[in-house]
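Q: Data file coords_36.txt (compact mmCIF, C-alpha atoms) is appended below.
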# COMPACT_ATOMS: atom_id res chain seq x y z
CA MET A 1 105.53 88.67 74.56
CA GLY A 2 107.52 87.73 71.44
CA VAL A 3 111.00 88.96 70.70
CA THR A 4 110.99 91.51 67.89
CA PHE A 5 113.39 90.78 65.04
CA VAL A 6 116.12 93.40 64.77
CA SER A 7 116.14 93.39 60.98
CA ILE A 8 113.63 91.86 58.58
CA ASP A 9 113.96 92.29 54.85
CA VAL A 10 110.56 90.84 54.04
CA VAL A 11 107.47 89.53 55.82
CA ILE A 12 105.25 87.27 53.74
CA ILE A 13 101.64 87.20 54.89
CA GLY A 14 100.06 83.86 53.98
CA LEU A 15 102.19 80.72 53.69
CA GLY A 16 100.31 78.64 51.14
CA TYR A 17 100.96 77.68 47.53
CA VAL A 18 101.91 81.28 46.68
CA GLY A 19 103.58 82.62 49.80
CA LEU A 20 105.80 79.65 50.59
CA PRO A 21 107.61 79.46 47.21
CA LEU A 22 108.09 83.22 47.45
CA ALA A 23 109.60 82.82 50.90
CA GLN A 24 111.88 80.09 49.58
CA GLU A 25 113.34 82.19 46.76
CA ALA A 26 113.68 85.27 48.96
CA ALA A 27 115.56 83.25 51.57
CA ARG A 28 117.79 81.70 48.91
CA SER A 29 118.77 85.18 47.74
CA GLY A 30 120.10 86.07 51.17
CA LEU A 31 117.16 88.15 52.37
CA SER A 32 116.00 87.78 55.96
CA VAL A 33 112.50 86.33 55.70
CA VAL A 34 109.70 85.95 58.21
CA GLY A 35 106.49 84.17 57.24
CA PHE A 36 103.24 85.11 58.94
CA ASP A 37 100.14 82.91 58.94
CA VAL A 38 97.03 82.71 61.10
CA SER A 39 97.21 78.89 61.20
CA ASP A 40 99.07 77.46 64.17
CA ALA A 41 99.29 74.11 62.37
CA VAL A 42 100.96 75.67 59.31
CA VAL A 43 103.41 77.72 61.38
CA ASP A 44 104.30 74.91 63.79
CA GLY A 45 104.76 72.49 60.91
CA LEU A 46 107.07 74.81 58.99
CA ASN A 47 109.18 75.60 62.04
CA ALA A 48 109.47 71.86 62.62
CA GLY A 49 110.62 71.34 59.03
CA ARG A 50 107.37 70.00 57.54
CA SER A 51 105.95 71.19 54.22
CA HIS A 52 102.22 71.38 53.53
CA VAL A 53 102.45 72.23 49.80
CA ASP A 54 103.34 69.92 46.91
CA ASP A 55 106.12 72.01 45.40
CA LEU A 56 108.31 72.18 48.50
CA SER A 57 109.80 69.14 50.22
CA ALA A 58 110.93 68.75 53.82
CA ASP A 59 114.48 69.28 52.56
CA ASP A 60 113.43 72.59 51.01
CA ILE A 61 111.96 73.74 54.32
CA ALA A 62 115.11 72.64 56.15
CA GLN A 63 117.21 74.76 53.78
CA MET A 64 114.93 77.74 54.36
CA LEU A 65 115.23 77.36 58.12
CA ALA A 66 119.01 77.09 57.83
CA ALA A 67 118.97 80.36 55.88
CA GLY A 68 117.16 82.08 58.75
CA PHE A 69 113.52 81.73 57.73
CA ARG A 70 111.01 81.54 60.55
CA ALA A 71 107.23 81.32 60.56
CA THR A 72 105.06 83.02 63.17
CA THR A 73 101.51 83.86 64.19
CA ASP A 74 102.76 86.67 66.45
CA THR A 75 102.20 90.17 65.04
CA GLU A 76 104.99 91.54 67.23
CA GLN A 77 107.44 89.46 65.22
CA ILE A 78 106.73 91.35 61.98
CA VAL A 79 107.20 94.96 63.11
CA GLY A 80 109.53 97.18 61.12
CA ALA A 81 110.16 95.03 58.04
CA SER A 82 111.43 96.64 54.87
CA THR A 83 108.81 94.86 52.72
CA TYR A 84 105.46 93.18 53.33
CA VAL A 85 103.97 90.86 50.69
CA ILE A 86 100.34 89.80 51.05
CA CYS A 87 99.68 86.31 49.59
CA VAL A 88 96.31 85.31 51.02
CA PRO A 89 93.36 83.61 49.29
CA THR A 90 90.61 85.54 47.53
CA PRO A 91 87.81 83.01 46.95
CA LEU A 92 84.48 83.89 45.38
CA ALA A 93 81.90 85.52 47.62
CA GLU A 94 78.20 84.65 47.38
CA ASP A 95 77.57 87.58 45.02
CA GLY A 96 80.18 86.29 42.57
CA GLY A 97 82.80 88.88 43.42
CA PRO A 98 86.05 88.27 45.29
CA ASP A 99 85.86 87.63 49.00
CA LEU A 100 88.40 90.14 50.31
CA GLY A 101 88.08 89.07 53.93
CA ALA A 102 91.58 87.58 54.12
CA VAL A 103 93.08 90.57 52.26
CA LEU A 104 91.43 93.00 54.67
CA ALA A 105 92.63 91.01 57.67
CA ALA A 106 96.17 90.86 56.27
CA THR A 107 96.16 94.62 55.65
CA ARG A 108 94.97 95.24 59.20
CA THR A 109 97.90 93.12 60.38
CA VAL A 110 100.43 95.04 58.27
CA THR A 111 99.20 98.58 59.01
CA PRO A 112 100.40 98.87 62.65
CA ALA A 113 103.61 96.97 61.86
CA MET A 114 104.80 99.36 59.14
CA ARG A 115 107.54 101.87 59.75
CA PRO A 116 108.70 104.74 57.49
CA GLY A 117 110.23 103.46 54.26
CA ALA A 118 108.18 100.26 54.10
CA LEU A 119 107.04 98.68 50.83
CA VAL A 120 103.74 96.77 50.75
CA VAL A 121 102.89 94.47 47.84
CA LEU A 122 99.60 92.69 47.25
CA GLU A 123 99.85 89.42 45.26
CA SER A 124 96.35 88.08 45.92
CA THR A 125 94.25 88.01 42.76
CA THR A 126 91.46 90.57 42.74
CA TYR A 127 89.55 93.08 40.60
CA PRO A 128 91.20 96.19 39.13
CA GLY A 129 91.26 99.03 41.65
CA THR A 130 91.58 96.95 44.82
CA THR A 131 95.14 98.05 45.67
CA GLU A 132 94.41 101.76 45.46
CA GLU A 133 90.77 101.79 46.56
CA VAL A 134 90.90 99.26 49.41
CA LEU A 135 94.47 98.76 50.64
CA LEU A 136 95.73 102.33 50.29
CA PRO A 137 93.17 103.97 52.62
CA MET A 138 93.64 101.22 55.22
CA LEU A 139 97.43 101.52 55.18
CA ALA A 140 97.16 105.31 55.43
CA GLU A 141 95.45 104.84 58.81
CA SER A 142 98.95 104.10 60.10
CA GLY A 143 99.61 107.84 59.94
CA LEU A 144 102.27 107.30 57.27
CA ALA A 145 101.93 109.12 53.96
CA ALA A 146 101.60 107.00 50.82
CA GLY A 147 104.33 107.62 48.29
CA THR A 148 106.47 109.37 50.89
CA ASP A 149 106.56 107.31 54.08
CA PHE A 150 105.51 104.01 52.51
CA HIS A 151 105.17 102.54 49.03
CA LEU A 152 102.45 100.29 47.65
CA ALA A 153 102.29 97.99 44.62
CA PHE A 154 100.46 95.04 43.12
CA SER A 155 102.26 92.01 41.66
CA PRO A 156 100.07 89.15 40.42
CA GLU A 157 101.09 85.69 41.57
CA ARG A 158 101.92 83.27 38.78
CA ILE A 159 102.53 80.09 40.72
CA ASP A 160 101.66 76.92 38.80
CA PRO A 161 101.67 74.05 41.33
CA GLY A 162 103.46 70.97 40.05
CA ASN A 163 105.08 72.72 37.07
CA PRO A 164 108.54 71.13 36.68
CA VAL A 165 109.85 73.90 34.39
CA TYR A 166 108.55 77.26 35.61
CA GLY A 167 108.71 78.36 39.22
CA MET A 168 109.06 81.57 41.17
CA LYS A 169 112.56 82.40 39.93
CA ASN A 170 112.19 81.95 36.17
CA THR A 171 108.60 83.14 35.70
CA PRO A 172 108.54 86.86 34.76
CA LYS A 173 107.14 89.04 37.55
CA VAL A 174 104.76 91.87 36.72
CA VAL A 175 104.80 94.80 39.16
CA GLY A 176 102.71 97.95 39.20
CA GLY A 177 102.86 100.62 41.90
CA ILE A 178 100.66 103.54 42.93
CA ASP A 179 103.44 105.80 41.65
CA GLU A 180 106.77 105.49 39.85
CA GLU A 181 108.77 105.13 43.05
CA SER A 182 106.50 102.35 44.31
CA THR A 183 106.95 100.49 41.02
CA ARG A 184 110.71 100.98 41.21
CA ARG A 185 110.86 99.75 44.80
CA ALA A 186 108.77 96.65 44.00
CA ALA A 187 110.86 95.89 40.91
CA GLU A 188 114.03 96.23 42.94
CA PHE A 189 112.70 93.88 45.61
CA TYR A 190 111.63 91.12 43.21
CA GLY A 191 114.75 91.63 41.12
CA ARG A 192 116.76 90.16 44.01
CA PHE A 193 115.42 86.68 43.28
CA VAL A 194 113.36 86.71 40.04
CA ASP A 195 115.12 86.54 36.68
CA ARG A 196 112.90 89.08 34.92
CA VAL A 197 110.72 91.85 36.36
CA VAL A 198 108.17 93.55 34.08
CA PRO A 199 106.99 97.03 35.19
CA ALA A 200 103.33 97.89 34.58
CA LYS A 201 101.86 101.33 33.99
CA GLY A 202 100.14 101.14 37.37
CA THR A 203 98.36 98.91 39.87
CA ARG A 204 95.18 98.56 37.78
CA GLU A 205 97.11 97.32 34.76
CA ALA A 206 98.96 94.78 36.91
CA GLU A 207 95.69 93.63 38.48
CA MET A 208 94.01 93.32 35.07
CA ALA A 209 96.95 91.40 33.56
CA LYS A 210 96.36 88.50 35.94
CA LEU A 211 92.67 88.40 35.07
CA LEU A 212 93.39 88.52 31.34
CA GLU A 213 95.80 85.58 31.58
CA ASN A 214 93.26 83.30 33.20
CA THR A 215 90.22 84.63 31.32
CA TYR A 216 92.02 83.72 28.10
CA ARG A 217 92.46 80.16 29.33
CA HIS A 218 88.93 79.95 30.73
CA ILE A 219 87.33 80.97 27.42
CA ASN A 220 89.48 78.70 25.26
CA ILE A 221 88.88 75.71 27.52
CA ALA A 222 85.14 76.41 27.26
CA LEU A 223 85.49 76.47 23.47
CA VAL A 224 86.95 72.96 23.30
CA ASN A 225 84.58 71.68 25.98
CA GLU A 226 81.62 72.74 23.89
CA MET A 227 83.24 71.30 20.78
CA ALA A 228 83.72 67.99 22.63
CA ARG A 229 79.99 67.73 23.15
CA PHE A 230 78.91 68.18 19.56
CA SER A 231 81.95 66.37 18.16
CA HIS A 232 80.82 63.27 20.06
CA GLU A 233 77.33 63.61 18.55
CA LEU A 234 78.85 64.05 15.07
CA GLY A 235 81.13 61.03 15.44
CA VAL A 236 84.29 63.18 15.29
CA ASP A 237 87.34 62.47 17.46
CA LEU A 238 88.13 65.95 18.81
CA TRP A 239 91.39 64.79 20.36
CA ASP A 240 92.65 63.83 16.89
CA VAL A 241 91.36 67.15 15.54
CA ILE A 242 93.41 69.06 18.11
CA GLU A 243 96.55 67.09 17.27
CA LEU A 244 96.03 67.92 13.60
CA ALA A 245 95.49 71.61 14.31
CA LYS A 246 98.68 71.67 16.42
CA THR A 247 100.75 70.92 13.35
CA LYS A 248 100.15 74.49 12.15
CA PRO A 249 103.30 76.37 13.26
CA PHE A 250 101.51 79.69 13.80
CA GLY A 251 98.13 81.08 14.80
CA PHE A 252 97.00 78.16 16.98
CA GLN A 253 97.49 77.17 20.61
CA ALA A 254 96.15 73.84 21.80
CA PHE A 255 93.58 73.64 24.59
CA TYR A 256 91.96 70.40 25.66
CA PRO A 257 88.51 69.36 26.90
CA GLY A 258 88.01 67.78 30.28
CA PRO A 259 85.51 67.01 33.03
CA GLY A 260 85.49 70.65 34.16
CA VAL A 261 88.01 73.22 35.34
CA GLY A 262 89.67 73.30 38.74
CA GLY A 263 92.35 75.00 40.75
CA HIS A 264 92.78 78.37 42.36
CA CYS A 265 92.68 80.47 39.16
CA ILE A 266 90.58 79.49 36.16
CA PRO A 267 87.26 78.70 37.90
CA ILE A 268 87.54 81.87 40.01
CA ASP A 269 89.63 84.70 38.54
CA PRO A 270 87.56 85.47 35.41
CA ASN A 271 84.53 85.92 37.64
CA TYR A 272 86.28 88.81 39.40
CA LEU A 273 86.45 90.63 36.07
CA SER A 274 82.87 89.75 35.16
CA TYR A 275 81.72 90.95 38.58
CA SER A 276 83.67 94.20 38.23
CA VAL A 277 82.22 94.92 34.79
CA ARG A 278 78.65 94.23 35.94
CA SER A 279 78.88 96.11 39.23
CA ARG A 280 80.77 99.15 37.92
CA LEU A 281 79.66 99.47 34.31
CA GLY A 282 76.24 97.85 34.45
CA TYR A 283 76.55 95.34 31.64
CA PRO A 284 77.73 91.73 31.38
CA PHE A 285 81.09 90.38 30.26
CA ARG A 286 79.36 87.91 27.97
CA PHE A 287 82.36 85.81 26.96
CA VAL A 288 83.22 85.04 30.59
CA GLU A 289 79.65 84.30 31.62
CA LEU A 290 79.14 81.95 28.68
CA ALA A 291 82.46 80.22 29.37
CA GLN A 292 81.48 79.80 33.00
CA GLU A 293 78.18 78.24 31.99
CA ILE A 294 79.88 75.73 29.67
CA ASN A 295 82.74 74.78 31.98
CA SER A 296 80.59 74.50 35.09
CA THR A 297 78.20 72.07 33.38
CA MET A 298 80.92 69.68 32.18
CA PRO A 299 80.66 67.42 35.27
CA THR A 300 76.96 66.97 34.52
CA TYR A 301 77.77 66.19 30.89
CA VAL A 302 80.36 63.57 31.93
CA ALA A 303 77.84 61.98 34.31
CA ARG A 304 75.33 61.73 31.47
CA ARG A 305 77.96 60.16 29.22
CA ALA A 306 78.58 57.62 31.99
CA GLN A 307 74.88 56.89 32.15
CA ASP A 308 74.73 56.43 28.36
CA LEU A 309 77.69 54.01 28.37
CA LEU A 310 76.04 51.83 30.98
CA ASN A 311 72.70 51.99 29.15
CA GLU A 312 74.40 50.82 25.95
CA ALA A 313 75.58 47.79 27.92
CA GLY A 314 72.05 47.13 29.14
CA GLN A 315 72.83 48.27 32.68
CA ALA A 316 71.21 51.04 34.72
CA ILE A 317 73.50 53.56 36.38
CA ASN A 318 71.34 53.29 39.48
CA GLY A 319 73.20 50.77 41.64
CA SER A 320 76.20 50.50 39.33
CA ARG A 321 79.67 50.87 40.79
CA VAL A 322 81.56 53.80 39.22
CA LEU A 323 85.24 54.21 40.01
CA LEU A 324 86.76 57.69 39.64
CA LEU A 325 90.51 57.71 39.03
CA GLY A 326 92.24 60.93 40.10
CA VAL A 327 90.34 63.54 42.12
CA THR A 328 92.90 66.38 42.27
CA TYR A 329 92.64 69.38 39.97
CA LYS A 330 96.05 68.76 38.36
CA PRO A 331 98.07 65.60 37.75
CA ASP A 332 100.73 64.46 40.20
CA ILE A 333 99.89 66.86 43.03
CA ALA A 334 97.59 66.56 46.05
CA ASP A 335 95.83 69.90 45.53
CA GLN A 336 92.05 69.43 45.32
CA ARG A 337 90.97 73.08 45.12
CA GLU A 338 87.85 73.45 42.93
CA SER A 339 88.43 69.99 41.45
CA PRO A 340 85.66 69.01 39.00
CA ALA A 341 85.77 65.52 40.49
CA VAL A 342 83.57 66.73 43.34
CA PRO A 343 80.59 67.96 41.26
CA LEU A 344 81.03 64.91 39.02
CA ALA A 345 80.75 62.57 42.01
CA LYS A 346 77.69 64.48 43.21
CA GLN A 347 76.00 64.16 39.82
CA LEU A 348 76.76 60.45 39.64
CA GLY A 349 75.35 60.07 43.14
CA LEU A 350 72.14 61.83 42.11
CA LEU A 351 71.80 59.27 39.33
CA GLY A 352 72.08 56.47 41.89
CA ALA A 353 75.65 55.34 41.19
CA ASP A 354 77.78 53.74 43.87
CA VAL A 355 80.76 56.08 43.58
CA ARG A 356 84.23 54.93 44.59
CA PHE A 357 87.58 56.65 44.07
CA HIS A 358 91.30 56.10 43.83
CA ASP A 359 94.04 58.74 43.80
CA PRO A 360 97.69 58.14 44.68
CA ALA A 361 97.89 61.55 46.38
CA VAL A 362 94.59 61.48 48.30
CA SER A 363 93.75 58.99 51.05
CA SER A 364 90.32 60.35 51.99
CA TRP A 365 88.06 62.58 49.94
CA ARG A 366 85.22 64.87 50.96
CA VAL A 367 82.17 64.96 48.69
CA GLY A 368 79.46 67.13 50.19
CA SER A 369 78.63 65.71 53.60
CA ARG A 370 80.32 62.37 52.88
CA THR A 371 83.94 61.34 53.35
CA LEU A 372 85.09 58.60 51.01
CA GLU A 373 88.13 56.47 51.69
CA ARG A 374 90.46 55.61 48.82
CA GLU A 375 90.04 52.12 47.36
CA ALA A 376 92.77 50.07 49.01
CA ASP A 377 93.72 47.96 45.99
CA LEU A 378 93.58 49.62 42.56
CA ASP A 379 93.53 46.39 40.57
CA THR A 380 90.62 45.01 42.59
CA ALA A 381 88.74 48.30 42.39
CA ILE A 382 89.08 48.37 38.59
CA ALA A 383 87.98 44.76 38.23
CA GLU A 384 84.89 45.30 40.41
CA ALA A 385 83.79 48.57 38.81
CA ASP A 386 81.00 48.60 36.25
CA LEU A 387 82.53 51.78 34.84
CA VAL A 388 85.89 53.44 35.36
CA ILE A 389 86.20 57.18 34.70
CA LEU A 390 89.67 58.66 34.31
CA VAL A 391 89.20 62.12 35.81
CA GLN A 392 92.88 62.99 36.36
CA ASN A 393 95.75 61.35 34.54
CA HIS A 394 98.42 60.87 37.21
CA LYS A 395 101.74 59.55 35.93
CA SER A 396 101.47 56.51 38.17
CA TYR A 397 98.44 55.30 36.23
CA ASP A 398 99.19 52.89 33.39
CA VAL A 399 96.15 53.93 31.40
CA ASP A 400 96.44 51.30 28.67
CA ALA A 401 96.65 48.57 31.32
CA ILE A 402 93.65 50.10 33.10
CA VAL A 403 91.68 50.04 29.85
CA ALA A 404 92.53 46.38 29.38
CA ALA A 405 91.45 45.51 32.94
CA SER A 406 88.23 47.57 32.92
CA ARG A 407 84.79 46.41 31.87
CA ARG A 408 84.42 49.87 30.31
CA LEU A 409 86.35 53.11 30.68
CA LEU A 410 85.49 56.74 30.00
CA ASP A 411 88.66 58.77 29.39
CA THR A 412 88.06 62.48 30.09
CA LYS A 413 91.74 63.44 29.59
CA GLY A 414 92.57 62.01 26.17
CA ALA A 415 95.14 59.74 27.80
CA THR A 416 94.75 56.70 25.55
CA THR A 417 94.03 55.87 21.92
CA ASP A 418 92.96 52.33 22.77
CA PRO A 419 89.75 51.75 20.78
CA ARG A 420 88.23 49.94 23.76
CA ALA A 421 88.21 53.19 25.73
CA HIS A 422 85.55 55.85 25.31
CA ARG A 423 87.01 59.33 25.05
CA LEU A 424 85.23 62.51 26.05
Before we go any further, please render this structure as structure tokens.

A:
Amino acid sequence: MGVTFVSIDVVIIGLGYVGLPLAQEAARSGLSVVGFDVSDAVVDGLNAGRSHVDDLSADDIAQMLAAGFRATTDTEQIVGASTYVICVPTPLAEDGGPDLGAVLAATRTVTPAMRPGALVVLESTTYPGTTEEVLLPMLAESGLAAGTDFHLAFSPERIDPGNPVYGMKNTPKVVGGIDEESTRRAAEFYGRFVDRVVPAKGTREAEMAKLLENTYRHINIALVNEMARFSHELGVDLWDVIELAKTKPFGFQAFYPGPGVGGHCIPIDPNYLSYSVRSRLGYPFRFVELAQEINSTMPTYVARRAQDLLNEAGQAINGSRVLLLGVTYKPDIADQRESPAVPLAKQLGLLGADVRFHDPAVSSWRVGSRTLEREADLDTAIAEADLVILVQNHKSYDVDAIVAASRRLLDTKGATTDPRAHRL
């Protein structure tokens, strides 16, 4: 039997890339914070002072522990908190909609722990209507009355792993409750440690705002990815085109092509909206579905470009050694979620390439049923590769030196203007 905490300001359910930075800022503000996670490894590591996310160091965890933060897997340890924030993953299900399994499990954990006056906030990205249609009925099974005995809101997470400028504290926080008091309570809670809180009309508007943010990015990335394909055929340097367009001081925002899209948002979130439109309204969200088609086929396009480069040199891709540099979804972090490097490696493998990889943040890499070990010596790996593909431009890579040392290099990130390199 665990010892119940006498007073808990907030319990954060899910201690990953979203929940842990939230716990950090809440603890810094003087709130008493308990983190709940179903993973013994995550909980034991945090309580021992170890971080499992890129944005928090061991020193950060030590400061949190000194401020009173504790992690637990024991549901008895989270009873009677003032606020519960659900920060669990919502991956895509087989039907293309969000897999709410973790959200449902988290809600079942919170329901018996709530006491009168509790605030519950969902941060996990989902389709509009989830908070009121799914969470509200489940929480009401506690016997407490919504809007009277407990309050409920949605606040979309806006964590950008590895961002050196914007973090939890200085990124505006959108909050939308099931009623005015729920919105007020959520705004008051986040206002303790976030510089600016932005109230929404309701939960659906807050849920939709998150999807709009990432759908906007998804569609614009697809635009430049498609332009990259025909620009190459036309002999136009799209990277130079983008730099020229950026000189216009209004009406243009730069997006860049790449080997595909990765991470926990762009490849996934727009599909929630597309799924919701199809399942509820009966017609497609055509922009999203077209963008998904373009972005998801970029790894195949890059593999074909690799094949063409080797053919131009009189060499078959079958049996050629191809070195992938950078397999994470963003530069300078270890996060591999939905990284386009995986489908790219699979496509190269289907063409018969001997695929190798190097990444300063990844020692071993899973590609389908295979586990690849990082090339031990970067210089040797570059020298022995028939083709080097820059998939992720980590700061530790001296790209111009890599170009000079490579037999041939395909730059998918626009990292060099060296004429010896081939840009996407």

Q: Using all atoms listed in the file, determine which residues lie at most 10 Å from Asp160 (chain A), disregarding the query and same-chain residues fewer than 2 positions distant; provide the list as a ChimeraX atom specification.

A: /A:17-18,55,157-158,162-168,171,263-265,330

Q: When you draw a straight line from CA of Leu324 (chain A) to CA of Val391 (chain A), how long is it in Å?

A: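 Straight-line distance from CA of Leu324 (chain A) to CA of Val391 (chain A) works out to 6.3 Å.
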
Q: Give me, please, the distance in Å between CA of Ser276 (chain A) and CA of Gly97 (chain A), quoted to one decimal.

A: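 Computing it gives 7.5 Å between the two atoms.
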
Q: Please provide the set of residues having any atom within 8 Å of Ala23 (chain A), restricted to only C-alpha atoms, with same-chain residues fewer than 2 positions apart removed, written as a PyMOL selection string.

A: chain A and resi 12+19-21+25-27+33-35+69

Q: Can you work out which one of A:Asn271, A:Ser142, A:Gln253, A:Thr109 has the shortest atom-to-atom distance to Ala93 (chain A), counting all atoms listed in the file?

A: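 Ranked by minimum distance to Ala93 (chain A), first place goes to A:Asn271.
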
Q: Work out how far apart CA of Leu378 (chain A) and CA of Asp354 (chain A) are and give it in Å to one decimal.

A: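 One can read the CA of Leu378 (chain A) to CA of Asp354 (chain A) distance as 16.4 Å.
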
Q: I'd like the contact shell of region 172-188 of chain A - 6 Å cut-off, all atoms listed in the file, skipping same-chain residues fewer than 3 positions apart - returned as a count of residues only.

A: 14

Q: Between A:Leu350, A:Val79, A:Leu309, A:Ala41, which one has atoms that come closest to Ala421 (chain A), using all atoms listed in the file?

A: A:Leu309

Q: Show which residues sit within 10 Å of Cys87 (chain A), as a list of chain:residue names. Count all atoms listed in the file, and ignore same-chain residues fewer than 3 positions away.

A: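 With the cut-off at 10 Å, the set is A:Ile12, A:Ile13, A:Gly14, A:Leu15, A:Gly16, A:Tyr17, A:Val18, A:Gly19, A:Leu20, A:Leu22, A:Asp37, A:Tyr84, A:Thr90, A:Ala102, A:Val103, A:Ala106, A:Val121, A:Leu122, A:Glu123, A:Ser124, A:Thr125, A:Pro156, A:Glu157.
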
Q: Some atoms are absent from region 135-148 of chain A, so rebuild N, CA, C and O atoms and return them as an mmCIF file, keeping the file's coordinate frame.

A:
data_model
loop_
_atom_site.group_PDB
_atom_site.id
_atom_site.type_symbol
_atom_site.label_atom_id
_atom_site.label_comp_id
_atom_site.auth_asym_id
_atom_site.auth_seq_id
_atom_site.Cartn_x
_atom_site.Cartn_y
_atom_site.Cartn_z
ATOM 1 N N LEU A 135 93.278 98.844 49.792
ATOM 2 C CA LEU A 135 94.470 98.760 50.640
ATOM 3 C C LEU A 135 95.019 100.135 51.009
ATOM 4 O O LEU A 135 95.387 100.373 52.166
ATOM 5 N N LEU A 136 95.102 101.029 50.051
ATOM 6 C CA LEU A 136 95.730 102.330 50.290
ATOM 7 C C LEU A 136 95.096 103.099 51.441
ATOM 8 O O LEU A 136 95.816 103.557 52.350
ATOM 9 N N PRO A 137 93.767 103.248 51.488
ATOM 10 C CA PRO A 137 93.170 103.970 52.620
ATOM 11 C C PRO A 137 93.420 103.275 53.960
ATOM 12 O O PRO A 137 93.614 103.953 54.980
ATOM 13 N N MET A 138 93.416 101.946 53.969
ATOM 14 C CA MET A 138 93.640 101.220 55.220
ATOM 15 C C MET A 138 95.070 101.425 55.708
ATOM 16 O O MET A 138 95.298 101.674 56.902
ATOM 17 N N LEU A 139 96.032 101.338 54.796
ATOM 18 C CA LEU A 139 97.430 101.520 55.180
ATOM 19 C C LEU A 139 97.702 102.950 55.635
ATOM 20 O O LEU A 139 98.547 103.190 56.504
ATOM 21 N N ALA A 140 96.980 103.903 55.061
ATOM 22 C CA ALA A 140 97.160 105.310 55.430
ATOM 23 C C ALA A 140 96.706 105.585 56.871
ATOM 24 O O ALA A 140 97.124 106.584 57.477
ATOM 25 N N GLU A 141 95.881 104.679 57.419
ATOM 26 C CA GLU A 141 95.450 104.840 58.810
ATOM 27 C C GLU A 141 96.615 104.684 59.785
ATOM 28 O O GLU A 141 96.494 105.009 60.969
ATOM 29 N N SER A 142 97.751 104.208 59.268
ATOM 30 C CA SER A 142 98.950 104.100 60.100
ATOM 31 C C SER A 142 99.516 105.472 60.465
ATOM 32 O O SER A 142 100.353 105.589 61.364
ATOM 33 N N GLY A 143 99.053 106.502 59.744
ATOM 34 C CA GLY A 143 99.610 107.840 59.940
ATOM 35 C C GLY A 143 100.760 108.134 59.006
ATOM 36 O O GLY A 143 101.247 109.270 58.941
ATOM 37 N N LEU A 144 101.211 107.120 58.249
ATOM 38 C CA LEU A 144 102.270 107.300 57.270
ATOM 39 C C LEU A 144 101.671 107.766 55.947
ATOM 40 O O LEU A 144 100.555 107.381 55.588
ATOM 41 N N ALA A 145 102.406 108.573 55.221
ATOM 42 C CA ALA A 145 101.930 109.120 53.960
ATOM 43 C C ALA A 145 102.329 108.216 52.805
ATOM 44 O O ALA A 145 103.504 107.876 52.641
ATOM 45 N N ALA A 146 101.330 107.847 51.979
ATOM 46 C CA ALA A 146 101.600 107.000 50.820
ATOM 47 C C ALA A 146 102.466 107.734 49.816
ATOM 48 O O ALA A 146 102.253 108.914 49.531
ATOM 49 N N GLY A 147 103.440 107.028 49.275
ATOM 50 C CA GLY A 147 104.330 107.620 48.290
ATOM 51 C C GLY A 147 105.494 108.371 48.894
ATOM 52 O O GLY A 147 106.466 108.677 48.198
ATOM 53 N N THR A 148 105.388 108.667 50.194
ATOM 54 C CA THR A 148 106.470 109.370 50.890
ATOM 55 C C THR A 148 107.025 108.504 52.021
ATOM 56 O O THR A 148 108.218 108.185 52.057
#
